[in-house]
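Visitor: Right, I'll just put the structure down here and ask away after.
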Amino acid sequence: MNPMKKQSLVILLFCGLLNIRFSAMAQEAYFIDGYHGGVYGHYPLGQTDFITKMLKKYPEWDINLEVEPETWDAVKLRDPAAYEAFKHLFEDQSVSTGRIEYVNPTYAQSYLFATSGESNIRQFSYGMELLRKHFPSAVFTTYSAEEPCFTSSLPYILKSFGFKYASTKNPNTMWGGYTRAFGGELVNWIGPDGTAITTVPRYAIEDLQPGSTWQSIAWFNSKEYIRKSFDAGIQHPVGMTIQDAAWSHGWAKGPWLGQDTSQFYTPTRYTTWRNYIANYSIGTPDEDWHFSQEDVLTSLVWGSEVMNTLAQEVRGAENKIVQAEKMAAFASLVKNTPWPERLVDEGWIKLLLSQHHDCWIVPYNNLQGGRTWADHVTEWTGVTRQNSNVVIDRALKALNGKSGQNAVRLFNTLAVDRDEIARVKVPSNWVRSAWEVVDRQGKAHPAQLVKEDGITWMLFRAQVPSFGYSTYTVREGKAAASDALSYRQEKGKYVLESDLYRLVINPEKGGVIESLVAKKLNNKEYVDATSNWRFNELKGYFGEQSTFISSADKPASIRVVEHGPLMLQLAIDGMIGEHPFTQTIQLQQNEEKIDMGVFIDWQRNEAIGEAGIPFSAENPRKAFYDDRYKLLVCFPAAISDQQIYKDAPFDVTKSQLENTYFNRWDEIKHNILLNWVDLGSNGKDPSLALFTDHTTSYVHGSDHPLALTLQYSGRGLWGRDYTITGPTDISYSLLPHAGKWDDDRIWTRSERTNEPLVAALVDAGAEDVTQQSYFSIEDYAYELVSMEMKGADLYIRLFNAQSDQTERQITFGGKADTIEWVELSGEVSGQAQYRTAENHATAITARIPRFGIRTLRLSNVKME
């Protein structure tokens, strides 16, 4: 070859390579900017005007909003001109030209993983309803959050509300956690029921930011982050920071990346999530992500006094309002009573506010008026409980008519027949007599009177049909024998017996349970006597003493609190260090669940938890991370080849963790106990379910028994001292059972605790001693999640927690003009198949997948 031509060819090739390199370097990247906050947390006066001016100043800037919907009520009142200007900018909701997308329309930016599935649905429904009042043109296309507001069942919830896309990034506010890194540009986020939604994940290459405990490398479109994305085959990389509104007011520039392009990768385009996914990304996901609840990696200050209290308040309120709605539906269907819309809506809204992520992550921070988030949770959930009680009382008056004392009527708000111990409040002077109840066949059943906190309760075994009622007459009777429940002392130990269990309690070792035998499970012994931990032992690391202290270190005394034909309760009074505690153990006749509780009367604040870790925001080590050091109640169980299952909102996860403990921010594991954890076996051993009265954490590993977190005291997030200022008072339960959680219907057992039978004394004649079911499901295949009236239409939400996808029949004791399956958005997804059944009831055919959520609408419903 001619040397000149050869040289020219080399130059051309070199120039070509330079062009390819320049082209790659010039490839566009994208950035998600916007605002996070609201009127309760941080949205200063003038913020709306600031945002509007910045949008006009920077026409290339698009924003994504995560602002509490109630904020706009305040803005409209305080700054009407800015409100109207912003509303005008918001009107354009087209994918390509719209500059504002509302990405988190929930009412209170809930974490979602710490509350019930129904609460999560209402977060969206109430939030979107209010936003549409302010912005009628609003379109909700993409779900995204600046905090780790994610849970595994979101794909169906989002799709059913009309969302098309999601993102699981939260790169700049990861104090409380993050999702697991997975995949590339777009994935199919697949929920437990099989629903998929197109999602921008936290990329597999999206590492946590070095020197930070609140960021990933995607918080700012650095050149290193974008190049790393390109190298991983991500063609259109995107970064994200949804700015805290409190920081931006008065800021000289709106766009997060600023105007100095040398500081970040260029070219970078600001965009809305929906525009990015629809017009700039690869468009079609190239990988499926079968998302587990253990992909939600979060760490709050579990076990602290403030967290225990607010979680108990939220749990109690959300259970109460769902049951109140069902009772109102009872009264509306049977007695045509008006739907208590104001009370129900206010109750839900206050509950949703109490689920705000700031309540859980910064409970000590002050809001307006100097009151903390935790103070407001107490107030808000108090309103919810009060409203719910009013709704239930009104429903009972409508359903029962005249009150009295000769009968008791029980209402069952679940879609399952129940045979259990019922409780009804009775006059205090009844305690002077023995009582019994009589069913509709004339059979007498013994009753037991117990006194709790100055209230007298009557206990008796009752059978109540699925979503129906039963009536029993009440009369004085003979004192019943208590053969089924007994206790005795043997060699200084207490032996408790019921028809199902035998327990041995050792007062010399602080009242620990030395033996728990399940009689009807082939006399299975549940206590692992070889363990270094003791069963029902309290144990934690006390910093001042620099050692672990156990309730078994000192002897305890045992007293019988209640002993009758239906219930036996013992109290264990002991000391843990210098602090008195009382544990209770309650057995009931023919009841598989063993109810327990612990009350610790702290004499002063104690440092409890891992010691020797000074707080620093940048330090990945935090004292509150490792639950093994917190005060625990332990359950070393004689179960081989142990396997953990745990519930989540509309999901149950088979744990893949070797253990739950971690001590660094960059090593967080999912250790959350929502309602229950089931300690099963991969072999043939029976199982042991643990239930608790609030969302908290649990401990388990190959070298650590199952344990429930009770107390932490020490430094928490932002260095705040989470102290002990009052007693610890927690309820929990154990349920030994033979098979897997779904075979033994552990989800339903939990719902029975969450929604106890609703009881009232009534004036009933012989003709009123009846029972009736208004709604039932074949094989108890689905859970009745909620029931509410909207005008003349009845909405029924169902969840398949533990059954297969076989077709089932639903029986409704009334009629409707039309019956349809509807999405959470209200749109009709299909006509239901139904027919008239016996006694003028309606039989509806259903087929719901495992972990599927479905909603029925019965239009113009009426009972015969």
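Quick note on naming: the chains in the structure tokens go A, B, ... in the order shown, residues restart at 1 in each chain, and ligands are numbered from 1 in order of appearance.
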Name the residues in contact with range 547-550 of chain A at a cut-off of 7 Å, using only C-alpha atoms, excluding same-chain residues fewer than 3 positions from it; report them as a PyMOL selection string.

Guide: chain A and resi 537-543+553+576-577

Visitor: Check range 809-855 of chain A with DSSP on the backbone and list each residue it calls strand (DSSP E), as a list in words.

Guide: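 So, restricting range 809-855 of chain A to strand (DSSP E), we get Gln809, Ile810, Thr811, Phe812, Gly814, Lys815, Thr818, Ile819, Glu820, Trp821, Val822, Val828, Ser829, Gly830, Gln831, Gln833, Tyr834, Arg835, Thr836, Thr842, Ala843, Ile844, Thr845, Ala846, Ile853, Arg854 and Thr855 of chain A.
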
Visitor: Range 160-164 of chain A: which residues within 12 Å, counting only C-alpha atoms, same-chain residues fewer than 4 positions away excluded, as a count of residues only?

Guide: 53

Visitor: If you count only C-alpha atoms, which residues fall within 12 Å of Asn675 in chain A, apart from same-chain ones fewer than 2 positions away, as a CSV table (one decimal) with N, CA and C atoms, in the first residue's frame?

Guide:
chain,number,residue,atom,x,y,z
A,113,PHE,N,-44.7,-0.2,54.1
A,113,PHE,CA,-44.3,-1.5,54.6
A,113,PHE,C,-44.7,-1.7,56.0
A,114,ALA,N,-45.1,-0.7,56.8
A,114,ALA,CA,-45.3,-0.8,58.2
A,114,ALA,C,-46.8,-0.8,58.6
A,115,THR,N,-47.7,-0.7,57.6
A,115,THR,CA,-49.1,-0.6,57.9
A,115,THR,C,-49.9,-1.6,57.1
A,116,SER,N,-51.1,-1.7,57.3
A,116,SER,CA,-51.9,-2.7,56.6
A,116,SER,C,-52.1,-2.5,55.1
A,117,GLY,N,-52.4,-3.5,54.4
A,117,GLY,CA,-52.7,-3.3,53.0
A,117,GLY,C,-53.8,-2.4,52.7
A,311,ALA,N,-46.6,2.7,67.0
A,311,ALA,CA,-47.0,1.6,66.2
A,311,ALA,C,-48.2,0.9,66.8
A,312,GLN,N,-48.3,0.8,68.2
A,312,GLN,CA,-49.5,0.3,68.8
A,312,GLN,C,-50.7,1.1,68.5
A,315,ARG,N,-51.7,0.6,64.8
A,315,ARG,CA,-52.3,-0.7,64.6
A,315,ARG,C,-53.8,-0.8,65.2
A,316,GLY,N,-54.0,-0.3,66.4
A,316,GLY,CA,-55.3,-0.3,67.0
A,316,GLY,C,-56.3,0.5,66.2
A,319,ASN,N,-57.2,-1.2,62.7
A,319,ASN,CA,-58.1,-2.4,62.9
A,319,ASN,C,-59.5,-1.9,63.3
A,645,TYR,N,-41.4,-17.6,57.9
A,645,TYR,CA,-42.3,-17.0,57.0
A,645,TYR,C,-42.8,-15.8,57.8
A,646,LYS,N,-43.1,-14.7,57.0
A,646,LYS,CA,-43.6,-13.5,57.7
A,646,LYS,C,-44.6,-12.7,56.8
A,647,ASP,N,-45.5,-12.1,57.5
A,647,ASP,CA,-46.5,-11.4,56.7
A,647,ASP,C,-46.1,-10.0,56.4
A,648,ALA,N,-46.7,-9.4,55.3
A,648,ALA,CA,-46.4,-8.1,54.9
A,648,ALA,C,-47.8,-7.6,54.3
A,649,PRO,N,-47.9,-6.3,54.0
A,649,PRO,CA,-49.2,-5.9,53.4
A,649,PRO,C,-49.6,-6.6,52.2
A,650,PHE,N,-50.6,-7.4,52.3
A,650,PHE,CA,-51.1,-8.3,51.1
A,650,PHE,C,-50.0,-9.2,50.6
A,651,ASP,N,-49.2,-9.7,51.5
A,651,ASP,CA,-48.2,-10.6,51.1
A,651,ASP,C,-47.7,-11.5,52.3
A,652,VAL,N,-47.1,-12.6,52.0
A,652,VAL,CA,-46.4,-13.4,52.9
A,652,VAL,C,-45.1,-13.8,52.3
A,672,ILE,N,-38.6,-7.0,59.7
A,672,ILE,CA,-39.8,-6.3,60.1
A,672,ILE,C,-40.9,-7.4,60.4
A,673,LEU,N,-41.5,-7.3,61.6
A,673,LEU,CA,-42.6,-8.1,61.9
A,673,LEU,C,-43.8,-7.2,61.9
A,677,VAL,N,-44.9,-13.6,62.6
A,677,VAL,CA,-43.8,-14.4,62.0
A,677,VAL,C,-44.1,-15.8,62.4
A,678,ASP,N,-43.9,-16.7,61.4
A,678,ASP,CA,-44.1,-18.1,61.6
A,678,ASP,C,-42.8,-18.9,61.5
A,689,ALA,N,-46.1,-20.0,65.5
A,689,ALA,CA,-46.4,-18.6,65.0
A,689,ALA,C,-46.3,-17.7,66.2
A,690,LEU,N,-45.7,-16.5,65.9
A,690,LEU,CA,-45.6,-15.4,66.9
A,690,LEU,C,-46.3,-14.2,66.4
A,691,PHE,N,-47.3,-13.7,67.2
A,691,PHE,CA,-48.1,-12.6,66.8
A,691,PHE,C,-47.8,-11.4,67.8
A,692,THR,N,-47.9,-10.2,67.3
A,692,THR,CA,-47.6,-9.1,68.2
A,692,THR,C,-48.7,-8.0,67.9
A,693,ASP,N,-48.8,-7.0,68.9
A,693,ASP,CA,-49.8,-6.0,68.8
A,693,ASP,C,-49.4,-4.8,68.1
A,694,HIS,N,-48.2,-4.8,67.5
A,694,HIS,CA,-47.7,-3.6,66.7
A,694,HIS,C,-46.6,-4.0,65.8
A,695,THR,N,-46.3,-3.1,64.8
A,695,THR,CA,-45.2,-3.4,63.9
A,695,THR,C,-43.9,-3.1,64.6
A,696,THR,N,-43.0,-4.0,64.5
A,696,THR,CA,-41.7,-3.9,65.2
A,696,THR,C,-40.7,-4.8,64.4
A,697,SER,N,-39.6,-5.2,65.1
A,697,SER,CA,-38.7,-6.1,64.4
A,697,SER,C,-38.6,-7.4,65.2
A,698,TYR,N,-38.0,-8.4,64.6
A,698,TYR,CA,-37.8,-9.7,65.2
A,698,TYR,C,-36.3,-10.1,64.9
A,708,LEU,N,-38.6,-11.5,69.9
A,708,LEU,CA,-39.4,-10.3,69.6
A,708,LEU,C,-38.7,-9.1,70.3
A,731,SER,N,-48.2,-6.7,74.1
A,731,SER,CA,-48.9,-8.0,74.1
A,731,SER,C,-48.4,-8.8,72.9
A,732,TYR,N,-48.3,-10.1,73.1
A,732,TYR,CA,-47.9,-11.0,72.0
A,732,TYR,C,-48.6,-12.3,72.2
A,733,SER,N,-48.5,-13.2,71.3
A,733,SER,CA,-49.2,-14.5,71.4
A,733,SER,C,-48.3,-15.5,70.6
A,746,ILE,N,-52.8,-19.2,59.1
A,746,ILE,CA,-52.2,-18.2,60.1
A,746,ILE,C,-52.7,-16.8,59.8
A,747,TRP,N,-52.9,-16.5,58.5
A,747,TRP,CA,-53.4,-15.1,58.2
A,747,TRP,C,-54.7,-14.9,58.8
A,748,THR,N,-55.6,-15.9,58.7
A,748,THR,CA,-57.0,-15.7,59.3
A,748,THR,C,-56.9,-15.7,60.8
A,749,ARG,N,-56.0,-16.4,61.4
A,749,ARG,CA,-55.9,-16.4,62.9
A,749,ARG,C,-55.5,-15.0,63.3
A,750,SER,N,-54.6,-14.3,62.5
A,750,SER,CA,-54.3,-12.9,62.9
A,750,SER,C,-55.5,-12.0,62.7
A,751,GLU,N,-56.3,-12.2,61.7
A,751,GLU,CA,-57.4,-11.3,61.5
A,751,GLU,C,-58.4,-11.5,62.6
A,752,ARG,N,-58.5,-12.7,63.2
A,752,ARG,CA,-59.5,-12.9,64.3
A,752,ARG,C,-59.0,-12.0,65.5
A,753,THR,N,-57.7,-11.9,65.7
A,753,THR,CA,-57.2,-11.0,66.8
A,753,THR,C,-57.5,-9.6,66.4
A,754,ASN,N,-57.3,-9.2,65.2
A,754,ASN,CA,-57.4,-7.8,64.8
A,754,ASN,C,-58.9,-7.3,64.8

Visitor: Write out as a ChimeraX atom specification each polymer residue whose atoms come within 7 Å of range 55-63 of chain A, counting only C-alpha atoms; drop sequence neighbours fewer than 5 positions from it.

Guide: /A:33-34,99-101,255,270-272

Visitor: For Asp207 in chain A, work out the shell of residues within 9 Å, counting only C-alpha atoms and skipping chain neighbours fewer than 6 positions away, then give it as a list of chain:residue names.

Guide: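 Contacts, in chain order: A:Ala181, A:Ser216, A:Ile217, A:Ala218.
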
Visitor: Can you list, as JSON, numbers by chain, every protein, DNA or RNA residue that comes within 12 Å of Ala759 in chain A when you count only C-alpha atoms, leaving out same-chain residues fewer than 5 positions away?

Guide: {"A": [327, 392, 393, 395, 396, 397, 399, 400, 403, 407, 408, 409, 410, 411, 412, 413, 421, 422, 423, 424, 425, 426, 457, 458, 459, 460, 462, 464, 469, 470, 471, 472]}

Visitor: Using N, CA and C atoms, can you export the residues from the last selection as a compact mmCIF listing (two decimals), in the first residue's frame?

Guide:
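That gives us part-v7.txt:
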# COMPACT_ATOMS: atom_id res chain seq x y z
N MET A 327 -69.33 -2.78 60.38
CA MET A 327 -70.53 -2.69 61.20
C MET A 327 -71.51 -1.68 60.62
N ILE A 392 -69.64 2.25 65.49
CA ILE A 392 -70.04 0.92 65.96
C ILE A 392 -71.23 1.01 66.91
N ASP A 393 -71.20 1.97 67.83
CA ASP A 393 -72.32 2.11 68.77
C ASP A 393 -73.62 2.41 68.04
N ALA A 395 -74.35 1.64 64.95
CA ALA A 395 -74.74 0.44 64.21
C ALA A 395 -75.40 -0.57 65.15
N LEU A 396 -74.83 -0.75 66.34
CA LEU A 396 -75.42 -1.70 67.29
C LEU A 396 -76.81 -1.27 67.71
N LYS A 397 -77.02 0.03 67.94
CA LYS A 397 -78.35 0.51 68.32
C LYS A 397 -79.36 0.25 67.20
N LEU A 399 -79.16 -2.07 64.88
CA LEU A 399 -79.33 -3.51 64.65
C LEU A 399 -80.03 -4.20 65.82
N ASN A 400 -79.75 -3.74 67.03
CA ASN A 400 -80.24 -4.45 68.22
C ASN A 400 -81.54 -3.91 68.76
N SER A 403 -81.77 -1.80 74.21
CA SER A 403 -80.73 -2.45 75.00
C SER A 403 -81.35 -3.14 76.20
N ALA A 407 -79.87 -10.85 77.22
CA ALA A 407 -79.27 -11.56 76.09
C ALA A 407 -78.04 -10.80 75.62
N VAL A 408 -77.20 -11.50 74.87
CA VAL A 408 -76.04 -10.87 74.26
C VAL A 408 -76.04 -11.23 72.77
N ARG A 409 -75.79 -10.22 71.96
CA ARG A 409 -75.73 -10.44 70.50
C ARG A 409 -74.30 -10.17 70.05
N LEU A 410 -73.80 -11.09 69.24
CA LEU A 410 -72.42 -11.04 68.76
C LEU A 410 -72.41 -10.88 67.25
N PHE A 411 -71.61 -9.95 66.77
CA PHE A 411 -71.46 -9.72 65.34
C PHE A 411 -70.04 -10.12 64.90
N ASN A 412 -69.98 -10.82 63.80
CA ASN A 412 -68.73 -11.31 63.23
C ASN A 412 -68.44 -10.53 61.97
N THR A 413 -67.36 -9.77 61.93
CA THR A 413 -67.04 -8.94 60.77
C THR A 413 -66.07 -9.62 59.80
N ILE A 421 -63.88 -17.93 72.24
CA ILE A 421 -64.30 -17.26 73.46
C ILE A 421 -64.68 -15.82 73.12
N ALA A 422 -65.92 -15.45 73.44
CA ALA A 422 -66.40 -14.09 73.21
C ALA A 422 -66.35 -13.32 74.52
N ARG A 423 -66.32 -11.98 74.38
CA ARG A 423 -66.29 -11.10 75.55
C ARG A 423 -67.37 -10.04 75.40
N VAL A 424 -68.10 -9.77 76.48
CA VAL A 424 -69.09 -8.70 76.46
C VAL A 424 -69.00 -7.94 77.78
N LYS A 425 -69.06 -6.64 77.70
CA LYS A 425 -69.03 -5.81 78.90
C LYS A 425 -70.35 -5.92 79.63
N VAL A 426 -70.31 -6.17 80.95
CA VAL A 426 -71.52 -6.36 81.73
C VAL A 426 -71.47 -5.46 82.97
N TRP A 457 -66.13 -8.07 82.52
CA TRP A 457 -66.40 -8.73 81.25
C TRP A 457 -66.95 -10.13 81.50
N MET A 458 -67.86 -10.52 80.64
CA MET A 458 -68.34 -11.90 80.65
C MET A 458 -67.71 -12.63 79.47
N LEU A 459 -67.10 -13.77 79.76
CA LEU A 459 -66.50 -14.62 78.74
C LEU A 459 -67.38 -15.85 78.54
N PHE A 460 -67.58 -16.25 77.31
CA PHE A 460 -68.29 -17.50 77.04
C PHE A 460 -67.94 -17.95 75.63
N ALA A 462 -68.69 -19.05 72.01
CA ALA A 462 -69.78 -18.72 71.09
C ALA A 462 -69.45 -19.18 69.69
N VAL A 464 -70.42 -18.03 65.86
CA VAL A 464 -71.01 -16.93 65.09
C VAL A 464 -70.69 -17.17 63.62
N TYR A 469 -74.43 -12.75 62.67
CA TYR A 469 -74.57 -12.56 64.11
C TYR A 469 -75.17 -13.80 64.74
N SER A 470 -75.00 -13.90 66.06
CA SER A 470 -75.64 -14.92 66.88
C SER A 470 -76.13 -14.25 68.15
N THR A 471 -77.25 -14.74 68.67
CA THR A 471 -77.81 -14.21 69.91
C THR A 471 -77.89 -15.32 70.95
N TYR A 472 -77.45 -15.01 72.16
CA TYR A 472 -77.50 -15.94 73.28
C TYR A 472 -78.26 -15.27 74.43

Visitor: Output as a Markdown table one row per residue of range 359-393 of chain A within 12 Å of range 335-350 of chain A: the closest atom pair and its distance in Å to one decimal place, counting only C-alpha atoms, sorted by chain and residue number ascending.

Guide:
| residue | atom | partner | partner_atom | distance |
| --- | --- | --- | --- | --- |
| A:His376 | CA | A:Lys350 | CA | 9.5 |
| A:Val377 | CA | A:Lys350 | CA | 8.5 |
| A:Thr378 | CA | A:Lys350 | CA | 10.2 |
| A:Glu379 | CA | A:Lys350 | CA | 8.6 |
| A:Trp380 | CA | A:Lys350 | CA | 4.8 |
| A:Thr381 | CA | A:Lys350 | CA | 6.4 |
| A:Gly382 | CA | A:Lys350 | CA | 8.7 |
| A:Val383 | CA | A:Gly347 | CA | 6.3 |
| A:Thr384 | CA | A:Gly347 | CA | 4.1 |
| A:Arg385 | CA | A:Gly347 | CA | 7.4 |
| A:Gln386 | CA | A:Gly347 | CA | 8.2 |
| A:Asn387 | CA | A:Leu343 | CA | 5.6 |
| A:Ser388 | CA | A:Gly347 | CA | 7.0 |
| A:Asn389 | CA | A:Leu343 | CA | 10.0 |
| A:Val390 | CA | A:Leu343 | CA | 8.2 |
| A:Val391 | CA | A:Pro340 | CA | 7.0 |
| A:Ile392 | CA | A:Pro340 | CA | 10.3 |
| A:Asp393 | CA | A:Pro340 | CA | 11.8 |

Visitor: Selected residues, N, CA, C and O atoms, written as a PDB file, in the first residue's frame, please.

Guide:
ATOM      1  N   HIS A 376     -48.787  14.103  67.713  1.00  0.00           N
ATOM      2  CA  HIS A 376     -49.888  14.140  66.739  1.00  0.00           C
ATOM      3  C   HIS A 376     -50.427  12.746  66.444  1.00  0.00           C
ATOM      4  O   HIS A 376     -51.630  12.581  66.203  1.00  0.00           O
ATOM      5  N   VAL A 377     -49.555  11.739  66.431  1.00  0.00           N
ATOM      6  CA  VAL A 377     -50.040  10.372  66.217  1.00  0.00           C
ATOM      7  C   VAL A 377     -51.051   9.998  67.297  1.00  0.00           C
ATOM      8  O   VAL A 377     -52.107   9.418  67.014  1.00  0.00           O
ATOM      9  N   THR A 378     -50.731  10.326  68.539  1.00  0.00           N
ATOM     10  CA  THR A 378     -51.664  10.042  69.635  1.00  0.00           C
ATOM     11  C   THR A 378     -52.993  10.760  69.409  1.00  0.00           C
ATOM     12  O   THR A 378     -54.072  10.183  69.596  1.00  0.00           O
ATOM     13  N   GLU A 379     -52.911  12.021  69.009  1.00  0.00           N
ATOM     14  CA  GLU A 379     -54.136  12.796  68.757  1.00  0.00           C
ATOM     15  C   GLU A 379     -54.908  12.232  67.564  1.00  0.00           C
ATOM     16  O   GLU A 379     -56.117  12.016  67.636  1.00  0.00           O
ATOM     17  N   TRP A 380     -54.204  12.005  66.457  1.00  0.00           N
ATOM     18  CA  TRP A 380     -54.875  11.557  65.235  1.00  0.00           C
ATOM     19  C   TRP A 380     -55.524  10.181  65.409  1.00  0.00           C
ATOM     20  O   TRP A 380     -56.686   9.978  65.042  1.00  0.00           O
ATOM     21  N   THR A 381     -54.774   9.241  65.961  1.00  0.00           N
ATOM     22  CA  THR A 381     -55.351   7.906  66.139  1.00  0.00           C
ATOM     23  C   THR A 381     -56.461   7.925  67.183  1.00  0.00           C
ATOM     24  O   THR A 381     -57.391   7.115  67.122  1.00  0.00           O
ATOM     25  N   GLY A 382     -56.378   8.864  68.142  1.00  0.00           N
ATOM     26  CA  GLY A 382     -57.469   9.011  69.103  1.00  0.00           C
ATOM     27  C   GLY A 382     -58.768   9.405  68.423  1.00  0.00           C
ATOM     28  O   GLY A 382     -59.846   8.895  68.770  1.00  0.00           O
ATOM     29  N   VAL A 383     -58.679  10.307  67.442  1.00  0.00           N
ATOM     30  CA  VAL A 383     -59.875  10.688  66.675  1.00  0.00           C
ATOM     31  C   VAL A 383     -60.413   9.482  65.910  1.00  0.00           C
ATOM     32  O   VAL A 383     -61.628   9.234  65.871  1.00  0.00           O
ATOM     33  N   THR A 384     -59.518   8.724  65.299  1.00  0.00           N
ATOM     34  CA  THR A 384     -59.944   7.541  64.541  1.00  0.00           C
ATOM     35  C   THR A 384     -60.679   6.556  65.430  1.00  0.00           C
ATOM     36  O   THR A 384     -61.752   6.042  65.078  1.00  0.00           O
ATOM     37  N   ARG A 385     -60.111   6.277  66.601  1.00  0.00           N
ATOM     38  CA  ARG A 385     -60.759   5.328  67.517  1.00  0.00           C
ATOM     39  C   ARG A 385     -62.098   5.864  68.022  1.00  0.00           C
ATOM     40  O   ARG A 385     -63.087   5.124  68.107  1.00  0.00           O
ATOM     41  N   GLN A 386     -62.128   7.146  68.353  1.00  0.00           N
ATOM     42  CA  GLN A 386     -63.368   7.739  68.848  1.00  0.00           C
ATOM     43  C   GLN A 386     -64.456   7.677  67.782  1.00  0.00           C
ATOM     44  O   GLN A 386     -65.595   7.282  68.059  1.00  0.00           O
ATOM     45  N   ASN A 387     -64.133   8.092  66.570  1.00  0.00           N
ATOM     46  CA  ASN A 387     -65.116   8.041  65.485  1.00  0.00           C
ATOM     47  C   ASN A 387     -65.573   6.615  65.224  1.00  0.00           C
ATOM     48  O   ASN A 387     -66.766   6.360  64.986  1.00  0.00           O
ATOM     49  N   SER A 388     -64.635   5.682  65.267  1.00  0.00           N
ATOM     50  CA  SER A 388     -64.983   4.278  65.017  1.00  0.00           C
ATOM     51  C   SER A 388     -65.926   3.762  66.095  1.00  0.00           C
ATOM     52  O   SER A 388     -66.890   3.044  65.798  1.00  0.00           O
ATOM     53  N   ASN A 389     -65.655   4.122  67.339  1.00  0.00           N
ATOM     54  CA  ASN A 389     -66.544   3.688  68.418  1.00  0.00           C
ATOM     55  C   ASN A 389     -67.944   4.256  68.257  1.00  0.00           C
ATOM     56  O   ASN A 389     -68.944   3.570  68.511  1.00  0.00           O
ATOM     57  N   VAL A 390     -68.035   5.509  67.827  1.00  0.00           N
ATOM     58  CA  VAL A 390     -69.359   6.104  67.588  1.00  0.00           C
ATOM     59  C   VAL A 390     -70.084   5.363  66.471  1.00  0.00           C
ATOM     60  O   VAL A 390     -71.281   5.059  66.585  1.00  0.00           O
ATOM     61  N   VAL A 391     -69.364   5.062  65.401  1.00  0.00           N
ATOM     62  CA  VAL A 391     -69.969   4.330  64.275  1.00  0.00           C
ATOM     63  C   VAL A 391     -70.462   2.960  64.728  1.00  0.00           C
ATOM     64  O   VAL A 391     -71.583   2.543  64.398  1.00  0.00           O
ATOM     65  N   ILE A 392     -69.644   2.250  65.494  1.00  0.00           N
ATOM     66  CA  ILE A 392     -70.035   0.916  65.964  1.00  0.00           C
ATOM     67  C   ILE A 392     -71.227   1.009  66.910  1.00  0.00           C
ATOM     68  O   ILE A 392     -72.186   0.219  66.809  1.00  0.00           O
ATOM     69  N   ASP A 393     -71.196   1.970  67.831  1.00  0.00           N
ATOM     70  CA  ASP A 393     -72.318   2.115  68.770  1.00  0.00           C
ATOM     71  C   ASP A 393     -73.624   2.412  68.040  1.00  0.00           C
ATOM     72  O   ASP A 393     -74.681   1.862  68.379  1.00  0.00           O
TER      73      ASP A 393
END

Visitor: Can you work out the spacing between CA of Asn590 in chain A and CA of Leu500 in chain A in Å, to one decimal?

Guide: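 Computing the Euclidean distance for CA of Asn590 in chain A and CA of Leu500 in chain A yields 6.6 Å.
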
Visitor: Which residue, A:Pro80, A:Lys740, A:Trp256, A:Arg808, has the smallest gap to Tyr35 in chain A when you use only C-alpha atoms?

Guide: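 Closest candidate: A:Trp256.
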
Visitor: In range 687-854 of chain A, what's helix (DSSP H, G or I) per DSSP? Answer as an NGL selection string?

Guide: :A and (717-719 or 746-754 or 766-768 or 778-780 or 838-840)

Visitor: From the options A:Phe291, A:Phe615, A:Tyr265, A:Tyr83, which residue's atoms come nearest to Phe182 in chain A, counting only C-alpha atoms?

Guide: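 The closest residue to Phe182 in chain A is A:Phe291.
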
Visitor: Would you work out the distance separating CA of Ile513 in chain A from CA of Asp595 in chain A, expressed in Å to one decimal?

Guide: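 Separating CA of Ile513 in chain A from CA of Asp595 in chain A is a distance of 13.8 Å.
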
Visitor: Could you tell me which of A:Leu710, A:Leu297, A:Met596, A:Leu131 comes closest to Glu667 in chain A if we count only C-alpha atoms?

Guide: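 Distance minimum relative to Glu667 in chain A lands on A:Leu297.
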